>>> print(open('my_file_39.cif').read())   # mmCIF, C-alpha atoms
data_final
loop_
_atom_site.group_PDB
_atom_site.id
_atom_site.type_symbol
_atom_site.label_atom_id
_atom_site.label_comp_id
_atom_site.auth_asym_id
_atom_site.auth_seq_id
_atom_site.Cartn_x
_atom_site.Cartn_y
_atom_site.Cartn_z
ATOM 1 C CA MET I 956 45.461 -23.035 -17.169
ATOM 2 C CA LYS I 957 42.484 -23.709 -19.494
ATOM 3 C CA TYR I 958 40.883 -25.864 -16.793
ATOM 4 C CA LEU I 959 41.302 -23.113 -14.181
ATOM 5 C CA LEU I 960 39.893 -20.451 -16.505
ATOM 6 C CA SER I 961 36.901 -22.579 -17.527
ATOM 7 C CA THR I 962 36.182 -23.428 -13.877
ATOM 8 C CA LEU I 963 36.334 -19.755 -12.934
ATOM 9 C CA LEU I 964 34.019 -18.796 -15.791
ATOM 10 C CA PHE I 965 31.591 -21.545 -14.775
ATOM 11 C CA PHE I 966 31.385 -20.244 -11.180
ATOM 12 C CA LEU I 967 30.998 -16.639 -12.308
ATOM 13 C CA ALA I 968 28.188 -17.612 -14.676
ATOM 14 C CA PHE I 969 26.513 -19.742 -11.985
ATOM 15 C CA PHE I 970 26.581 -17.042 -9.308
ATOM 16 C CA SER I 971 25.488 -14.247 -11.633
ATOM 17 C CA SER I 972 22.556 -16.312 -12.934
ATOM 18 C CA ASN I 973 21.638 -17.285 -9.361
ATOM 19 C CA ALA I 974 21.615 -13.621 -8.286
ATOM 20 C CA GLN I 975 19.488 -12.732 -11.271
ATOM 21 C CA THR I 976 17.105 -15.552 -10.448
ATOM 22 C CA GLN I 977 16.716 -14.272 -6.862
ATOM 23 C CA LYS I 978 15.973 -10.773 -8.170
ATOM 24 C CA GLU I 979 13.430 -12.197 -10.596
ATOM 25 C CA LYS I 980 11.811 -14.221 -7.780
ATOM 26 C CA GLU I 981 11.471 -11.104 -5.624
ATOM 27 C CA GLU I 982 9.973 -9.155 -8.539
ATOM 28 C CA LYS I 983 7.460 -11.928 -9.168
ATOM 29 C CA ILE I 984 6.481 -12.038 -5.483
ATOM 30 C CA ARG I 985 5.981 -8.266 -5.456
ATOM 31 C CA SER I 986 3.954 -8.381 -8.680
ATOM 32 C CA VAL I 987 1.638 -11.120 -7.420
ATOM 33 C CA ILE I 988 1.063 -9.426 -4.039
ATOM 34 C CA ASN I 989 0.611 -5.978 -5.643
ATOM 35 C CA LEU I 990 -1.984 -7.332 -8.057
ATOM 36 C CA ASP I 991 -3.816 -9.077 -5.210
ATOM 37 C CA PHE I 992 -3.697 -5.947 -3.055
ATOM 38 C CA HIS I 993 -4.969 -3.638 -5.813
ATOM 39 C CA GLN I 994 -7.763 -6.028 -6.781
ATOM 40 C CA ASN I 995 -8.912 -6.105 -3.154
ATOM 41 C CA ALA I 996 -8.438 -2.348 -2.600
ATOM 42 C CA SER I 997 -10.553 -1.574 -5.667
ATOM 43 C CA LYS I 998 -13.510 -3.124 -3.818
ATOM 44 C CA CYS I 999 -13.054 -0.832 -0.810
ATOM 45 C CA SER I 1000 -14.338 2.622 -0.083
ATOM 46 C CA PHE I 1001 -11.900 4.000 2.427
ATOM 47 C CA ASN I 1002 -14.242 5.990 4.630
ATOM 48 C CA VAL I 1003 -12.982 6.835 8.101
ATOM 49 C CA ASN I 1004 -14.442 4.275 10.509
ATOM 50 C CA ALA I 1005 -12.778 5.531 13.700
ATOM 51 C CA VAL I 1006 -10.686 8.369 15.072
ATOM 52 C CA THR I 1007 -8.284 7.670 17.927
ATOM 53 C CA ASP I 1008 -5.659 9.461 19.950
ATOM 54 C CA ILE I 1009 -4.015 6.330 21.384
ATOM 55 C CA ASN I 1010 -0.524 7.443 20.311
ATOM 56 C CA ASN I 1011 -0.966 11.051 21.493
ATOM 57 C CA LYS I 1012 -1.960 12.171 18.014
ATOM 58 C CA LYS I 1013 -5.213 11.948 16.102
ATOM 59 C CA GLU I 1014 -5.308 8.905 13.880
ATOM 60 C CA PHE I 1015 -7.952 8.217 11.262
ATOM 61 C CA TRP I 1016 -8.729 4.525 10.744
ATOM 62 C CA SER I 1017 -10.356 3.091 7.609
ATOM 63 C CA ILE I 1018 -11.164 -0.598 7.803
ATOM 64 C CA CYS I 1019 -12.235 -2.571 4.757
ATOM 65 C CA GLN I 1020 -13.398 -6.103 5.577
ATOM 66 C CA LEU I 1021 -14.067 -7.975 2.346
ATOM 67 C CA LYS I 1022 -16.406 -10.923 1.802
ATOM 68 C CA ASN I 1023 -13.486 -13.087 0.640
ATOM 69 C CA GLY I 1024 -11.966 -12.914 4.153
ATOM 70 C CA ASN I 1025 -9.354 -10.307 3.253
ATOM 71 C CA ARG I 1026 -8.964 -7.016 5.102
ATOM 72 C CA ILE I 1027 -7.228 -3.716 4.500
ATOM 73 C CA LEU I 1028 -6.439 -1.344 7.364
ATOM 74 C CA LYS I 1029 -5.517 2.215 6.501
ATOM 75 C CA ILE I 1030 -4.340 4.553 9.260
ATOM 76 C CA GLN I 1031 -3.638 8.217 8.590
ATOM 77 C CA SER I 1032 -2.364 10.926 10.907
ATOM 78 C CA TYR I 1033 -0.672 14.305 10.966
ATOM 79 C CA GLU I 1034 1.990 15.489 13.350
ATOM 80 C CA LYS I 1035 3.300 19.023 12.933
ATOM 81 C CA GLU I 1036 4.155 19.203 9.227
ATOM 82 C CA ILE I 1037 4.302 15.467 8.515
ATOM 83 C CA TYR I 1038 1.523 13.346 7.065
ATOM 84 C CA PHE I 1039 1.723 9.640 7.981
ATOM 85 C CA GLU I 1040 -0.076 6.738 6.376
ATOM 86 C CA GLU I 1041 0.062 3.022 7.101
ATOM 87 C CA ILE I 1042 -1.678 0.410 4.970
ATOM 88 C CA TYR I 1043 -1.915 -3.229 6.030
ATOM 89 C CA PHE I 1044 -3.243 -5.892 3.658
ATOM 90 C CA GLU I 1045 -4.276 -9.199 5.182
ATOM 91 C CA LYS I 1046 -5.220 -12.179 3.079
ATOM 92 C CA LYS I 1047 -7.336 -14.655 5.021
ATOM 93 C CA GLY I 1048 -5.880 -13.386 8.310
ATOM 94 C CA SER I 1049 -2.240 -13.423 7.211
ATOM 95 C CA LEU I 1050 -0.294 -10.202 6.682
ATOM 96 C CA MET I 1051 0.830 -9.960 3.038
ATOM 97 C CA TYR I 1052 1.678 -6.315 2.396
ATOM 98 C CA VAL I 1053 2.414 -3.147 4.347
ATOM 99 C CA LYS I 1054 3.034 0.344 3.043
ATOM 100 C CA GLU I 1055 4.350 3.141 5.226
ATOM 101 C CA THR I 1056 4.349 6.714 3.958
ATOM 102 C CA GLU I 1057 5.729 9.903 5.462
ATOM 103 C CA ASN I 1058 5.276 13.199 3.627
ATOM 104 C CA TYR I 1059 6.866 16.330 5.002
ATOM 105 C CA VAL I 1060 4.685 19.201 3.837
ATOM 106 C CA PRO I 1061 5.617 22.613 5.290
ATOM 107 C CA LYS I 1062 2.739 25.036 5.830
ATOM 108 C CA ASN I 1063 2.177 27.606 3.103
ATOM 109 C CA HIS I 1064 4.689 25.935 0.821
ATOM 110 C CA PHE I 1065 4.704 23.713 -2.258
ATOM 111 C CA ASN I 1066 7.877 21.793 -1.427
ATOM 112 C CA GLN I 1067 7.460 18.273 -0.137
ATOM 113 C CA MET I 1068 9.813 15.561 0.967
ATOM 114 C CA SER I 1069 8.423 12.038 0.743
ATOM 115 C CA TRP I 1070 9.443 8.627 1.970
ATOM 116 C CA ASN I 1071 7.603 5.367 1.599
ATOM 117 C CA CYS I 1072 8.444 1.760 2.152
ATOM 118 C CA GLU I 1073 6.564 -1.294 0.937
ATOM 119 C CA TYR I 1074 6.977 -4.594 2.794
ATOM 120 C CA TYR I 1075 6.058 -7.927 1.227
ATOM 121 C CA THR I 1076 5.563 -10.737 3.717
ATOM 122 C CA LYS I 1077 4.544 -14.366 3.959
ATOM 123 C CA ASN I 1078 4.013 -16.598 6.995
ATOM 124 C CA GLY I 1079 5.217 -13.866 9.361
ATOM 125 C CA GLU I 1080 8.489 -13.331 7.508
ATOM 126 C CA LEU I 1081 9.694 -10.409 5.460
ATOM 127 C CA LEU I 1082 10.198 -11.545 1.861
ATOM 128 C CA THR I 1083 11.299 -8.299 0.253
ATOM 129 C CA LEU I 1084 10.878 -4.545 0.535
ATOM 130 C CA ILE I 1085 11.123 -1.420 -1.576
ATOM 131 C CA SER I 1086 11.999 1.974 -0.090
ATOM 132 C CA LEU I 1087 11.796 5.292 -1.913
ATOM 133 C CA GLY I 1088 12.840 8.720 -0.696
ATOM 134 C CA HIS I 1089 14.694 9.880 2.373
ATOM 135 C CA GLY I 1090 13.589 8.339 5.637
ATOM 136 C CA LYS I 1091 14.031 5.585 8.212
ATOM 137 C CA THR I 1092 15.604 3.108 5.806
ATOM 138 C CA GLU I 1093 18.712 5.292 5.518
ATOM 139 C CA ASP I 1094 19.557 4.788 9.193
ATOM 140 C CA GLU I 1095 22.122 1.984 9.466
ATOM 141 C CA ASN I 1096 20.465 0.782 12.712
ATOM 142 C CA TRP I 1097 17.060 0.462 11.050
ATOM 143 C CA ASN I 1098 15.557 -3.013 11.292
ATOM 144 C CA PRO I 1099 12.762 -3.678 8.784
ATOM 145 C CA ASP I 1100 11.347 -6.503 10.928
ATOM 146 C CA TYR I 1101 9.995 -3.885 13.351
ATOM 147 C CA ILE I 1102 6.989 -3.717 11.028
ATOM 148 C CA PHE I 1103 5.692 -6.971 12.540
ATOM 149 C CA ASP I 1104 5.729 -5.467 16.057
ATOM 150 C CA ARG I 1105 3.961 -2.375 14.750
ATOM 151 C CA TYR I 1106 1.358 -4.541 13.033
ATOM 152 C CA LYS I 1107 0.692 -6.490 16.257
ATOM 153 C CA ARG I 1108 0.368 -3.207 18.139
ATOM 154 C CA ARG I 1109 -2.092 -1.926 15.532
ATOM 155 C CA LEU I 1110 -4.196 -5.082 15.874
ATOM 156 C CA SER I 1111 -4.258 -4.580 19.633
ATOM 157 C CA GLU I 1112 -5.354 -0.960 19.138
ATOM 158 C CA LEU I 1113 -8.050 -2.100 16.728
ATOM 159 C CA LYS I 1114 -9.397 -4.443 19.427
ATOM 160 C CA LYS I 1115 -9.638 -1.487 21.825
ATOM 161 C CA ILE I 1116 -11.512 0.540 19.213
ATOM 162 C CA LYS I 1117 -14.058 -2.256 18.761
ATOM 163 C CA GLU I 1118 -14.705 -2.557 22.524
#
>>> encode(input="my_file_39.cif", output="structure tokens")
Amino acid sequence: MKYLLSTLLFFLAFFSSNAQTQKEKEEKIRSVINLDFHQNASKCSFNVNAVTDINNKKEFWSICQLKNGNRILKIQSYEKEIYFEEIYFEKKGSLMYVKETENYVPKNHFNQMSWNCEYYTKNGELLTLISLGHGKTEDENWNPDYIFDRYKRRLSELKKIKE
């Protein structure tokens, strides 16, 4: 009985420490990428470089190409009473961080409903994400990996803007 109890306690301790370690790893990844993003963003002045209507709505593009090879794309738009913002942070050509924001702001009103999701990536894979508010992430069919398709589409749109 003692052997069984000690074995059970060992496995419980092992799995709980392993879960904690994974959580700590994700927090460290987010911290490192956030610091890198904010250091790069502080060197940018996000002036609107282009206005498009590729997606049947006006989109305002700010592109910050840094000397260190990093780039930040910021795309803002409005549709009816919703403000949208997408931020893509690339480090030496590799996507590291994405932030999506949707703010519902009714006309002539102070109430707002916000949703944002931050994606942390490496080598084309989603490492971790944080979602706050009520939005897409609450749909059980939501697939966070769609952000990579959206990013590729945005790069294609950026090519068209440059032409």
>>> residues_near_point(input="my_file_39.cif", point="(-5.1, 0.1, 20.1)", cutoff="12 Å", atoms="all atoms listed in the file", output="PyMOL selection string")
chain I and resi 1005-1011+1014+1016+1030+1105-1118
>>> residues_around(input="my_file_39.cif", residues="Asn1078 in chain I", least_positions_apart="3", cutoff="10 Å", atoms="all atoms listed in the file", output="NGL selection string")
:I and (1049-1051 or 1081-1082)
>>> resolve_selection(input="my_file_39.cif", expression="the PyMOL selection byres ((chain I and resi 1029) around 9)", output="ChimeraX atom specification")
/I:1001,1003,1015-1019,1027-1028,1030-1031,1040-1044
>>> atom_distance(input="my_file_39.cif", atom1="CA of Lys1013 in chain I", atom2="CA of Trp1070 in chain I")
20.6 Å
>>> closest_residue(input="my_file_39.cif", among="I:Thr1076, I:Gln1067, I:Gln1020, I:Ser1086", to="Glu1055 in chain I", atoms="all atoms listed in the file")
I:Ser1086
>>> closest_residue(input="my_file_39.cif", among="I:Ile1085, I:Glu1080, I:Glu1036, I:Val987", to="Asn1063 in chain I", atoms="all atoms listed in the file")
I:Glu1036
>>> atom_distance(input="my_file_39.cif", atom1="CA of Lys980 in chain I", atom2="CA of Tyr1074 in chain I")
15.1 Å
>>> axis_aligned_box(input="my_file_39.cif", around="range 1044-1056 of chain I", padding_each_side="6 Å", output="JSON")
{"center_x": -1.5, "center_y": -4.0, "center_z": 5.4, "size_x": 23.7, "size_y": 33.4, "size_z": 17.9}
>>> closest_residue(input="my_file_39.cif", among="I:Thr1083, I:Phe1103, I:Asn1066, I:Ala996", to="Glu979 in chain I", atoms="all atoms listed in the file")
I:Thr1083
